[in-house]
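S.K.: So I've got this file, target-v7.csv, and it contains CSV, C-alpha atoms:
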chain,number,residue,atom,x,y,z
A,586,LYS,CA,-11.1,-19.6,-14.4
A,587,SER,CA,-13.5,-21.4,-12.0
A,588,ILE,CA,-12.6,-22.1,-8.4
A,589,GLU,CA,-12.1,-25.7,-9.3
A,590,ASP,CA,-9.5,-24.7,-11.9
A,591,PHE,CA,-7.8,-22.4,-9.3
A,592,ASN,CA,-7.6,-25.2,-6.8
A,593,LYS,CA,-5.5,-27.2,-9.3
A,594,LEU,CA,-2.8,-24.5,-9.6
A,595,PRO,CA,0.6,-25.0,-8.0
A,596,VAL,CA,1.2,-23.3,-4.7
A,597,ILE,CA,4.2,-21.0,-4.5
A,598,ALA,CA,5.5,-22.4,-1.2
A,599,ALA,CA,5.2,-26.1,-2.3
A,600,PRO,CA,8.9,-26.7,-3.1
A,601,ASP,CA,9.8,-25.6,0.5
A,602,ARG,CA,7.3,-27.9,2.2
A,603,PRO,CA,8.6,-31.1,4.0
A,604,ALA,CA,7.6,-34.4,2.4
A,605,GLU,CA,5.5,-35.4,5.4
A,606,PHE,CA,3.6,-33.4,8.0
A,607,ASP,CA,4.6,-33.9,11.6
A,608,PRO,CA,2.1,-32.2,14.0
A,609,SER,CA,4.4,-32.7,17.0
A,610,LYS,CA,6.7,-30.0,15.5
A,611,LEU,CA,4.0,-27.3,15.7
A,612,PRO,CA,5.0,-24.6,18.2
A,613,THR,CA,3.1,-24.4,21.5
A,614,GLY,CA,2.1,-21.1,23.1
A,615,THR,CA,5.1,-21.3,25.4
A,616,MET,CA,7.4,-21.6,22.4
A,617,ILE,CA,5.7,-18.7,20.6
A,618,GLN,CA,6.3,-16.4,23.5
A,619,THR,CA,10.0,-17.0,23.2
A,620,MET,CA,10.1,-15.9,19.6
A,621,GLU,CA,11.9,-12.6,19.0
A,622,VAL,CA,9.5,-11.3,16.4
A,623,LYS,CA,8.3,-7.7,16.3
A,624,ILE,CA,6.2,-5.5,14.1
A,625,GLU,CA,8.4,-3.6,11.6
A,626,TRP,CA,7.6,-0.9,9.1
A,627,LEU,CA,8.7,0.0,5.6
A,628,ILE,CA,7.1,3.4,6.1
A,629,LYS,CA,6.5,4.2,9.8
A,630,GLY,CA,2.7,4.2,10.5
A,631,LEU,CA,1.8,3.7,6.8
A,632,LEU,CA,3.2,0.5,5.3
A,633,PRO,CA,3.9,-2.5,7.6
A,634,LYS,CA,6.7,-4.8,6.6
A,635,LYS,CA,5.8,-8.4,5.6
A,636,ALA,CA,2.1,-7.6,5.4
A,637,ILE,CA,-0.6,-7.3,2.7
A,638,THR,CA,-1.8,-3.7,2.4
A,639,VAL,CA,-4.7,-2.6,0.2
A,640,LEU,CA,-4.4,1.0,-1.1
A,641,HIS,CA,-7.7,2.1,-2.6
A,642,GLY,CA,-9.1,5.3,-4.1
A,643,LYS,CA,-11.4,6.4,-6.9
A,644,GLY,CA,-10.2,6.4,-10.4
A,645,GLY,CA,-7.9,9.3,-11.3
A,646,ILE,CA,-7.3,10.5,-7.8
A,647,GLY,CA,-3.6,9.7,-8.0
A,648,LYS,CA,-3.1,6.2,-6.6
A,649,THR,CA,-0.4,5.4,-9.2
A,650,TRP,CA,1.5,8.7,-8.5
A,651,LEU,CA,1.4,8.0,-4.8
A,652,SER,CA,2.5,4.3,-5.1
A,653,LEU,CA,5.3,5.3,-7.4
A,654,SER,CA,6.6,7.8,-4.8
A,655,ILE,CA,6.2,5.1,-2.1
A,656,ALA,CA,8.2,2.6,-4.3
A,657,GLU,CA,11.0,5.1,-5.0
A,658,SER,CA,11.3,6.2,-1.3
A,659,ILE,CA,11.7,2.6,-0.2
A,660,ALA,CA,14.0,1.6,-3.1
A,661,THR,CA,16.4,4.4,-2.2
A,662,GLY,CA,15.8,4.5,1.6
A,663,LYS,CA,14.7,8.2,1.5
A,664,PRO,CA,11.9,9.5,3.8
A,665,PHE,CA,8.4,9.4,2.4
A,666,LEU,CA,6.3,12.5,3.2
A,667,GLY,CA,8.7,13.1,6.1
A,668,LEU,CA,8.3,9.5,7.5
A,669,LYS,CA,11.2,7.2,8.0
A,670,THR,CA,11.5,4.3,5.5
A,671,GLU,CA,13.5,1.0,5.3
A,672,HIS,CA,15.7,0.5,2.2
A,673,ILE,CA,14.8,-2.8,0.4
A,674,PRO,CA,14.4,-3.9,-3.2
A,675,VAL,CA,11.1,-2.8,-4.9
A,676,TYR,CA,9.3,-4.5,-7.8
A,677,TYR,CA,6.5,-2.6,-9.4
A,678,ILE,CA,4.1,-5.0,-11.3
A,679,ASP,CA,2.2,-2.9,-13.8
A,680,TYR,CA,-0.7,-4.6,-15.6
A,681,GLU,CA,-2.6,-1.5,-16.3
A,682,ASN,CA,-0.8,1.6,-17.5
A,683,PRO,CA,0.2,2.0,-21.1
A,684,LEU,CA,4.0,2.0,-21.5
A,685,PRO,CA,4.2,5.7,-22.7
A,686,VAL,CA,2.2,6.8,-19.6
A,687,LEU,CA,4.5,4.7,-17.3
A,688,VAL,CA,7.6,6.2,-18.9
A,689,GLU,CA,6.3,9.7,-18.6
A,690,ARG,CA,5.5,9.3,-14.9
A,691,VAL,CA,8.8,7.7,-14.1
A,692,LYS,CA,10.6,10.5,-15.8
A,693,THR,CA,8.5,13.2,-14.1
A,694,LEU,CA,9.2,11.7,-10.6
A,695,ASN,CA,12.8,10.9,-11.5
A,696,ILE,CA,12.4,7.3,-10.3
A,697,GLN,CA,15.7,5.4,-10.4
A,698,GLY,CA,15.8,2.6,-7.9
A,699,VAL,CA,12.6,0.7,-8.7
A,700,TYR,CA,12.4,-2.4,-10.9
A,701,PHE,CA,9.4,-2.4,-13.3
A,702,TRP,CA,7.7,-5.5,-14.6
A,703,HIS,CA,5.3,-4.3,-17.2
A,704,ILE,CA,2.9,-6.2,-19.5
A,705,SER,CA,5.0,-5.1,-22.4
A,706,ASN,CA,8.0,-7.1,-21.2
A,707,GLU,CA,9.1,-10.1,-23.1
A,708,THR,CA,7.9,-12.2,-20.1
A,709,PRO,CA,4.8,-10.3,-18.9
A,710,PRO,CA,3.9,-10.5,-15.2
A,711,PRO,CA,1.6,-13.5,-14.7
A,712,ALA,CA,-1.8,-13.4,-13.2
A,713,LEU,CA,-1.9,-14.4,-9.5
A,714,ASP,CA,-4.4,-17.2,-10.4
A,715,SER,CA,-2.3,-18.6,-13.3
A,716,GLU,CA,0.1,-21.6,-13.4
A,717,GLU,CA,3.0,-19.1,-13.7
A,718,ASN,CA,2.3,-17.4,-10.3
A,719,TYR,CA,5.4,-19.1,-8.9
A,720,TYR,CA,7.5,-16.5,-10.8
A,721,TYR,CA,6.8,-14.0,-8.0
A,722,GLY,CA,8.5,-16.4,-5.5
A,723,LYS,CA,11.7,-15.9,-7.6
A,724,LEU,CA,12.0,-12.2,-6.8
A,725,PRO,CA,14.6,-11.3,-4.2
A,726,GLU,CA,13.6,-12.4,-0.7
A,727,GLY,CA,12.3,-9.6,1.4
A,728,ALA,CA,11.3,-7.3,-1.5
A,729,LEU,CA,8.3,-5.0,-1.7
A,730,ILE,CA,6.0,-6.0,-4.5
A,731,VAL,CA,3.5,-3.4,-5.8
A,732,PHE,CA,0.6,-4.7,-7.9
A,733,ASP,CA,-1.1,-2.0,-10.1
A,734,THR,CA,-3.9,-2.8,-10.0
A,735,PHE,CA,-5.3,-5.7,-7.9
A,736,ARG,CA,-8.2,-6.1,-10.3
A,737,SER,CA,-5.9,-6.6,-13.2
A,738,ALA,CA,-3.7,-9.0,-11.3
A,739,HIS,CA,-6.1,-11.9,-11.5
A,740,THR,CA,-8.7,-13.3,-13.9
A,741,GLY,CA,-11.5,-14.0,-11.5
A,742,TYR,CA,-14.5,-12.0,-10.3
A,743,GLU,CA,-13.7,-9.4,-7.6
A,744,ASN,CA,-17.2,-9.9,-6.1
A,745,ASP,CA,-16.7,-13.7,-5.7
A,746,SER,CA,-15.3,-14.4,-2.3
A,747,ARG,CA,-14.1,-17.9,-3.4
A,748,ASN,CA,-12.0,-16.4,-6.2
A,749,ILE,CA,-10.7,-13.6,-4.0
A,750,SER,CA,-9.9,-16.0,-1.2
A,751,GLY,CA,-7.8,-18.1,-3.6
A,752,VAL,CA,-5.9,-15.1,-4.9
A,753,LEU,CA,-5.3,-13.8,-1.3
A,754,THR,CA,-4.0,-17.2,-0.3
A,755,VAL,CA,-1.3,-16.9,-2.9
A,756,LEU,CA,-0.4,-13.4,-1.6
A,757,LYS,CA,-0.3,-14.7,2.0
A,758,LEU,CA,2.1,-17.4,1.0
A,759,LEU,CA,4.3,-14.7,-0.5
A,760,ARG,CA,4.0,-12.7,2.7
A,761,GLU,CA,5.1,-15.7,4.8
A,762,LYS,CA,8.1,-16.0,2.5
A,763,GLY,CA,9.2,-12.5,3.6
A,764,TYR,CA,7.7,-10.3,0.9
A,765,THR,CA,5.7,-7.1,1.6
A,766,ILE,CA,2.6,-6.7,-0.7
A,767,LEU,CA,1.0,-3.4,-1.7
A,768,LEU,CA,-2.2,-3.8,-3.8
A,769,LEU,CA,-3.7,-0.8,-5.6
A,770,HIS,CA,-7.4,-1.0,-5.8
A,771,HIS,CA,-10.5,1.0,-6.8
A,772,THR,CA,-13.3,2.2,-4.5
A,773,ALA,CA,-17.0,1.5,-4.9
A,774,LYS,CA,-19.3,3.9,-6.7
A,775,GLY,CA,-20.7,6.5,-4.4
A,776,ASN,CA,-18.3,5.8,-1.6
A,777,ASP,CA,-14.7,7.0,-2.0
A,778,SER,CA,-13.6,5.5,1.4
A,779,ARG,CA,-14.9,2.0,0.6
A,780,TYR,CA,-13.0,-0.5,-1.5
A,781,LYS,CA,-14.7,-2.3,-4.5
A,782,GLY,CA,-15.5,-6.0,-4.5
A,783,SER,CA,-15.9,-8.8,-2.1
A,784,THR,CA,-15.5,-8.4,1.7
A,785,ALA,CA,-12.9,-11.2,1.5
A,786,ILE,CA,-10.4,-8.6,0.1
A,787,LEU,CA,-10.2,-6.7,3.4
A,788,ASP,CA,-11.0,-9.8,5.6
A,789,LEU,CA,-7.9,-11.5,4.3
A,790,ALA,CA,-5.6,-8.4,4.0
A,791,ASP,CA,-3.6,-7.1,6.9
A,792,HIS,CA,-3.8,-3.3,6.5
A,793,GLU,CA,-5.8,-0.8,4.6
A,794,LEU,CA,-5.0,2.7,3.2
A,795,ASN,CA,-7.4,5.0,1.5
A,796,LEU,CA,-6.6,8.0,-0.7
A,797,CYS,CA,-9.6,10.3,-0.9
A,798,ASP,CA,-10.6,14.0,-1.1
A,799,ALA,CA,-10.3,15.6,2.3
A,800,GLU,CA,-13.3,17.4,3.6
A,801,LYS,CA,-13.0,21.1,2.8
A,802,LYS,CA,-12.8,23.2,5.9
A,803,GLU,CA,-14.3,26.7,6.4
A,804,GLY,CA,-12.0,29.3,5.0
A,805,GLU,CA,-10.0,27.0,2.8
A,806,GLU,CA,-9.7,28.1,-0.8
A,807,GLU,CA,-8.9,24.6,-2.2
A,808,ALA,CA,-9.6,21.0,-1.4
A,809,TYR,CA,-6.8,18.7,-0.3
A,810,TYR,CA,-6.4,14.9,-0.1
A,811,LYS,CA,-6.5,12.5,2.8
A,812,LEU,CA,-4.4,9.4,3.2
A,813,HIS,CA,-5.8,7.3,6.1
A,814,THR,CA,-7.1,3.9,7.3
A,815,PRO,CA,-10.9,4.1,7.2
A,816,GLN,CA,-11.8,0.6,8.4
A,817,LYS,CA,-9.3,-2.1,9.2
A,818,SER,CA,-5.7,-2.6,10.3
A,819,ARG,CA,-3.8,-5.0,12.5
A,820,TYR,CA,-1.3,-2.1,13.1
A,821,GLN,CA,-1.2,1.4,14.4
A,822,THR,CA,-2.5,3.9,11.9
A,823,GLU,CA,-1.5,7.3,10.5
A,824,GLU,CA,-3.6,10.0,8.9
A,825,LEU,CA,-2.1,12.6,6.6
A,826,THR,CA,-3.5,15.6,4.8
A,827,LEU,CA,-1.9,16.0,1.4
A,828,ASP,CA,-1.7,18.2,-1.6
A,829,PHE,CA,-0.4,17.4,-5.1
A,830,ASP,CA,1.9,19.4,-7.3
A,831,LEU,CA,4.3,17.8,-9.8
A,832,ASP,CA,6.7,20.8,-9.5
A,833,GLN,CA,7.1,19.8,-5.8
A,834,GLY,CA,7.6,16.1,-6.6
A,835,GLY,CA,4.0,14.9,-6.5
A,836,PHE,CA,2.2,14.5,-3.2
A,837,PHE,CA,3.3,16.5,-0.1
A,838,VAL,CA,2.1,16.9,3.4
A,839,ILE,CA,-0.1,19.9,4.4
A,840,PRO,CA,0.7,21.2,7.9
A,841,ASP,CA,-1.9,20.5,10.5
A,842,GLN,CA,-4.3,23.4,10.4
A,843,THR,CA,-5.2,23.0,14.1
A,844,GLU,CA,-1.5,23.5,15.1
A,845,GLY,CA,-1.5,26.8,13.2
A,846,ILE,CA,-4.6,28.0,14.9
A,847,LEU,CA,-3.3,27.1,18.3
A,848,LYS,CA,-0.1,29.0,17.5
A,849,LYS,CA,-2.0,32.1,16.6
A,850,ILE,CA,-4.0,31.9,19.8
A,851,HIS,CA,-0.9,31.5,21.8
A,852,GLU,CA,0.6,34.6,20.1
A,853,VAL,CA,-2.5,36.7,20.9
A,854,ILE,CA,-2.5,35.6,24.5
A,855,SER,CA,1.2,36.4,24.9
A,856,LYS,CA,0.7,39.8,23.3
A,857,LEU,CA,-2.2,40.6,25.7
A,858,SER,CA,-0.2,39.4,28.7
A,859,GLU,CA,2.7,41.7,27.7
A,860,GLU,CA,0.3,44.7,27.4
A,861,GLN,CA,-1.2,43.9,30.8
A,862,ARG,CA,2.3,43.9,32.3
A,863,LYS,CA,3.2,47.3,30.8
A,864,LYS,CA,0.0,48.8,32.3
Taking this structure as input, can you express it in the form of structure tokens?

M.R.:
Amino acid sequence: KSIEDFNKLPVIAAPDRPAEFDPSKLPTGTMIQTMEVKIEWLIKGLLPKKAITVLHGKGGIGKTWLSLSIAESIATGKPFLGLKTEHIPVYYIDYENPLPVLVERVKTLNIQGVYFWHISNETPPPALDSEENYYYGKLPEGALIVFDTFRSAHTGYENDSRNISGVLTVLKLLREKGYTILLLHHTAKGNDSRYKGSTAILDLADHELNLCDAEKKEGEEEAYYKLHTPQKSRYQTEELTLDFDLDQGGFFVIPDQTEGILKKIHEVISKLSEEQRKK
């Protein structure tokens, strides 16, 4: 669709808007300071509540495995990678994975609490730039909506800032209605820490997460993964070093190597001090 077509589409929040606009009802700075509004987290330090987060990584690195684990943790209120979560409804919008692949992964991770809206459903999930995009506003208020992937969630060009701005506007309207949005996205060729497409994607999103290969340290026998915020966030950030093993439930946190080294140094110093006292 062209940007002209997109501008003709219905806006999700339209039914809730007053018939007439009264600028005198806009809040002043004094009024805003009295609002009891604070930053909240669905996953402490990783996934802010009522925000648009872009989770990007190269193809095949495990974004879907990670996002499925995130979804299940929030849907059941269980900790995610040792971090506290908030229990809310979760809807996983899957435009991309073949149904047999989705079924296999859901079984492998024993996912039970997440609702799945797959393209094989009788009513498939609509594109964000389609006339049916208002369907998303019918999901339970306050839910987490995961879009796998962002590129498949719209029909425009991801390098066209006008198209991307229109799609992100729809997502921002969902955000202001109380939803939390998680967008799975790919990285650019040759840069596993840089998302693919228009700069408008990150300019209009609120938070960024990147899943990439962690730099291999001297003495390590294998490479790990890093989950971090490489460029932008309106929130505090968290960085985790991860490994992946389906027998252990997918991704899991690798203990801080620095902490282990400091512990060994402390043990050596304590041993030397004990020997000096004996002498």

S.K.: For the contact check between stretch 674-708 of chain A and stretch 768-780 of chain A, emit one row per residue of stretch 674-708 of chain A within 12 Å, containing the shortest atom pair and the distance in Å rounded to one decimal, counting only C-alpha atoms, chain then rising number order, as CSV.

M.R.:
residue,atom,partner,partner_atom,distance
A:Tyr677,CA,A:Leu768,CA,10.4
A:Ile678,CA,A:Leu768,CA,9.9
A:Asp679,CA,A:Leu769,CA,10.3
A:Tyr680,CA,A:Leu769,CA,11.1
A:Glu681,CA,A:Leu769,CA,10.8

S.K.: Go ahead and write the selection's residues with C-alpha atoms as a short mmCIF file (atom, residue, chain, number, x, y, z; two decimals), keeping the file's coordinate frame.

M.R.:
data_model
loop_
_atom_site.label_atom_id
_atom_site.label_comp_id
_atom_site.auth_asym_id
_atom_site.auth_seq_id
_atom_site.Cartn_x
_atom_site.Cartn_y
_atom_site.Cartn_z
CA TYR A 677 6.50 -2.60 -9.40
CA ILE A 678 4.10 -5.00 -11.30
CA ASP A 679 2.20 -2.90 -13.80
CA TYR A 680 -0.70 -4.60 -15.60
CA GLU A 681 -2.60 -1.50 -16.30
#

S.K.: So, with all atoms listed in the file as the atoms that count, which of A:Ala790, A:Leu627, A:Leu759, A:Arg690 lies closest to A:Tyr719?

M.R.: A:Leu759

S.K.: To one decimal in Å, tell me the separation between atom CA of A:Gly782 and atom CA of A:Glu743.

M.R.: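 Atom CA of A:Glu743 lies 4.9 Å from atom CA of A:Gly782.
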
S.K.: Mind dumping a table of every stretch 677-768 of chain A residue within 10 Å of stretch 791-797 of chain A, with the nearest atom pair and its distance in Å to one decimal, using all atoms listed in the file, sorted by chain and rising number, as CSV?

M.R.:
residue,atom,partner,partner_atom,distance
A:Lys757,CA,A:Asp791,CA,9.6
A:Ile766,CA,A:Asp791,CA,9.8
A:Leu767,CA,A:His792,CA,9.5
A:Leu768,CA,A:Glu793,CA,9.6

S.K.: To one decimal place in Å, what is the distance between atom CA of A:Tyr764 and atom CA of A:Pro633?

M.R.: 11.0 Å

S.K.: Looking at all atoms listed in the file, which of A:Val699, A:Leu651, A:Ile628, A:Leu713 is the one that sits closest to A:Leu831?

M.R.: A:Leu651

S.K.: As an exercise, work out the distance from atom CA of A:Lys723 to atom CA of A:Val639 in Å and give it to one decimal place.

M.R.: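 These atoms are spaced 22.5 Å apart.
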
S.K.: Using all atoms listed in the file, can you tell me which of A:Glu707, A:Glu716, A:Glu671, A:Glu761 comes closest to A:Lys635?

M.R.: A:Glu761

S.K.: Just the residues within 9 Å of A:Ser652, please, counting all atoms listed in the file, with nothing from its chain fewer than 5 positions along; format it as a PyMOL selection string.

M.R.: chain A and resi 640+647+657+731+733+767+769

S.K.: Pick from A:Arg736, A:Tyr721, A:Tyr676, A:Ser715: nearest to A:His703, with all atoms listed in the file counted?

M.R.: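 Closest candidate: A:Tyr676.
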
S.K.: Counting only C-alpha atoms, which residue out of A:Asn744, A:Gln618, A:Thr649, A:Asn695 sits closest to A:Thr661?

M.R.: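 Going through A:Asn744, A:Gln618, A:Thr649, A:Asn695 one by one, the smallest distance to A:Thr661 is for A:Asn695.
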
S.K.: Go through A:Leu789, A:Ala660, A:Ile839, A:Val686 and flag the residue nearest A:Ala808, using all atoms listed in the file for the distances.

M.R.: A:Ile839

S.K.: Atoms are missing here; could stretch 779-802 of chain A be completed with N, CA and C atoms and written as a PDB file, keeping the file's coordinate frame?

M.R.:
ATOM      1  N   ARG A 779     -14.599   3.380   0.578  1.00  0.00           N
ATOM      2  CA  ARG A 779     -14.900   2.000   0.600  1.00  0.00           C
ATOM      3  C   ARG A 779     -14.386   1.258  -0.600  1.00  0.00           C
ATOM      4  N   TYR A 780     -13.566   0.228  -0.413  1.00  0.00           N
ATOM      5  CA  TYR A 780     -13.000  -0.500  -1.500  1.00  0.00           C
ATOM      6  C   TYR A 780     -14.058  -1.241  -2.319  1.00  0.00           C
ATOM      7  N   LYS A 781     -13.748  -1.582  -3.559  1.00  0.00           N
ATOM      8  CA  LYS A 781     -14.700  -2.300  -4.500  1.00  0.00           C
ATOM      9  C   LYS A 781     -14.507  -3.772  -4.377  1.00  0.00           C
ATOM     10  N   GLY A 782     -15.619  -4.505  -4.404  1.00  0.00           N
ATOM     11  CA  GLY A 782     -15.500  -6.000  -4.500  1.00  0.00           C
ATOM     12  C   GLY A 782     -15.895  -6.680  -3.196  1.00  0.00           C
ATOM     13  N   SER A 783     -15.533  -7.954  -3.161  1.00  0.00           N
ATOM     14  CA  SER A 783     -15.900  -8.800  -2.100  1.00  0.00           C
ATOM     15  C   SER A 783     -15.299  -8.389  -0.727  1.00  0.00           C
ATOM     16  N   THR A 784     -16.042  -8.667   0.342  1.00  0.00           N
ATOM     17  CA  THR A 784     -15.500  -8.400   1.700  1.00  0.00           C
ATOM     18  C   THR A 784     -14.303  -9.212   2.008  1.00  0.00           C
ATOM     19  N   ALA A 785     -14.095 -10.293   1.254  1.00  0.00           N
ATOM     20  CA  ALA A 785     -12.900 -11.200   1.500  1.00  0.00           C
ATOM     21  C   ALA A 785     -11.621 -10.408   1.233  1.00  0.00           C
ATOM     22  N   ILE A 786     -11.650  -9.353   0.400  1.00  0.00           N
ATOM     23  CA  ILE A 786     -10.400  -8.600   0.100  1.00  0.00           C
ATOM     24  C   ILE A 786      -9.858  -8.032   1.393  1.00  0.00           C
ATOM     25  N   LEU A 787     -10.700  -7.350   2.153  1.00  0.00           N
ATOM     26  CA  LEU A 787     -10.200  -6.700   3.400  1.00  0.00           C
ATOM     27  C   LEU A 787     -10.137  -7.738   4.529  1.00  0.00           C
ATOM     28  N   ASP A 788     -11.032  -8.736   4.525  1.00  0.00           N
ATOM     29  CA  ASP A 788     -11.000  -9.800   5.600  1.00  0.00           C
ATOM     30  C   ASP A 788      -9.648 -10.475   5.590  1.00  0.00           C
ATOM     31  N   LEU A 789      -9.077 -10.702   4.397  1.00  0.00           N
ATOM     32  CA  LEU A 789      -7.900 -11.500   4.300  1.00  0.00           C
ATOM     33  C   LEU A 789      -6.592 -10.638   4.191  1.00  0.00           C
ATOM     34  N   ALA A 790      -6.749  -9.339   3.961  1.00  0.00           N
ATOM     35  CA  ALA A 790      -5.600  -8.400   4.000  1.00  0.00           C
ATOM     36  C   ALA A 790      -5.242  -8.062   5.397  1.00  0.00           C
ATOM     37  N   ASP A 791      -4.085  -7.431   5.572  1.00  0.00           N
ATOM     38  CA  ASP A 791      -3.600  -7.100   6.900  1.00  0.00           C
ATOM     39  C   ASP A 791      -3.824  -5.600   7.242  1.00  0.00           C
ATOM     40  N   HIS A 792      -3.806  -4.763   6.214  1.00  0.00           N
ATOM     41  CA  HIS A 792      -3.800  -3.300   6.500  1.00  0.00           C
ATOM     42  C   HIS A 792      -4.472  -2.622   5.293  1.00  0.00           C
ATOM     43  N   GLU A 793      -5.078  -1.485   5.588  1.00  0.00           N
ATOM     44  CA  GLU A 793      -5.800  -0.800   4.600  1.00  0.00           C
ATOM     45  C   GLU A 793      -5.427   0.715   4.563  1.00  0.00           C
ATOM     46  N   LEU A 794      -5.233   1.249   3.374  1.00  0.00           N
ATOM     47  CA  LEU A 794      -5.000   2.700   3.200  1.00  0.00           C
ATOM     48  C   LEU A 794      -5.983   3.198   2.157  1.00  0.00           C
ATOM     49  N   ASN A 795      -6.485   4.396   2.383  1.00  0.00           N
ATOM     50  CA  ASN A 795      -7.400   5.000   1.500  1.00  0.00           C
ATOM     51  C   ASN A 795      -6.938   6.410   1.104  1.00  0.00           C
ATOM     52  N   LEU A 796      -6.921   6.704  -0.192  1.00  0.00           N
ATOM     53  CA  LEU A 796      -6.600   8.000  -0.700  1.00  0.00           C
ATOM     54  C   LEU A 796      -7.905   8.647  -1.188  1.00  0.00           C
ATOM     55  N   CYS A 797      -8.347   9.731  -0.569  1.00  0.00           N
ATOM     56  CA  CYS A 797      -9.600  10.300  -0.900  1.00  0.00           C
ATOM     57  C   CYS A 797      -9.514  11.858  -0.826  1.00  0.00           C
ATOM     58  N   ASP A 798     -10.538  12.536  -1.278  1.00  0.00           N
ATOM     59  CA  ASP A 798     -10.600  14.000  -1.100  1.00  0.00           C
ATOM     60  C   ASP A 798     -10.862  14.316   0.332  1.00  0.00           C
ATOM     61  N   ALA A 799     -10.065  15.218   0.893  1.00  0.00           N
ATOM     62  CA  ALA A 799     -10.300  15.600   2.300  1.00  0.00           C
ATOM     63  C   ALA A 799     -11.462  16.598   2.325  1.00  0.00           C
ATOM     64  N   GLU A 800     -12.194  16.543   3.424  1.00  0.00           N
ATOM     65  CA  GLU A 800     -13.300  17.400   3.600  1.00  0.00           C
ATOM     66  C   GLU A 800     -12.846  18.887   3.647  1.00  0.00           C
ATOM     67  N   LYS A 801     -13.440  19.708   2.827  1.00  0.00           N
ATOM     68  CA  LYS A 801     -13.000  21.100   2.800  1.00  0.00           C
ATOM     69  C   LYS A 801     -13.464  21.859   4.001  1.00  0.00           C
ATOM     70  N   LYS A 802     -12.512  22.511   4.671  1.00  0.00           N
ATOM     71  CA  LYS A 802     -12.800  23.200   5.900  1.00  0.00           C
ATOM     72  C   LYS A 802     -13.155  24.691   5.596  1.00  0.00           C
TER      73      LYS A 802
END
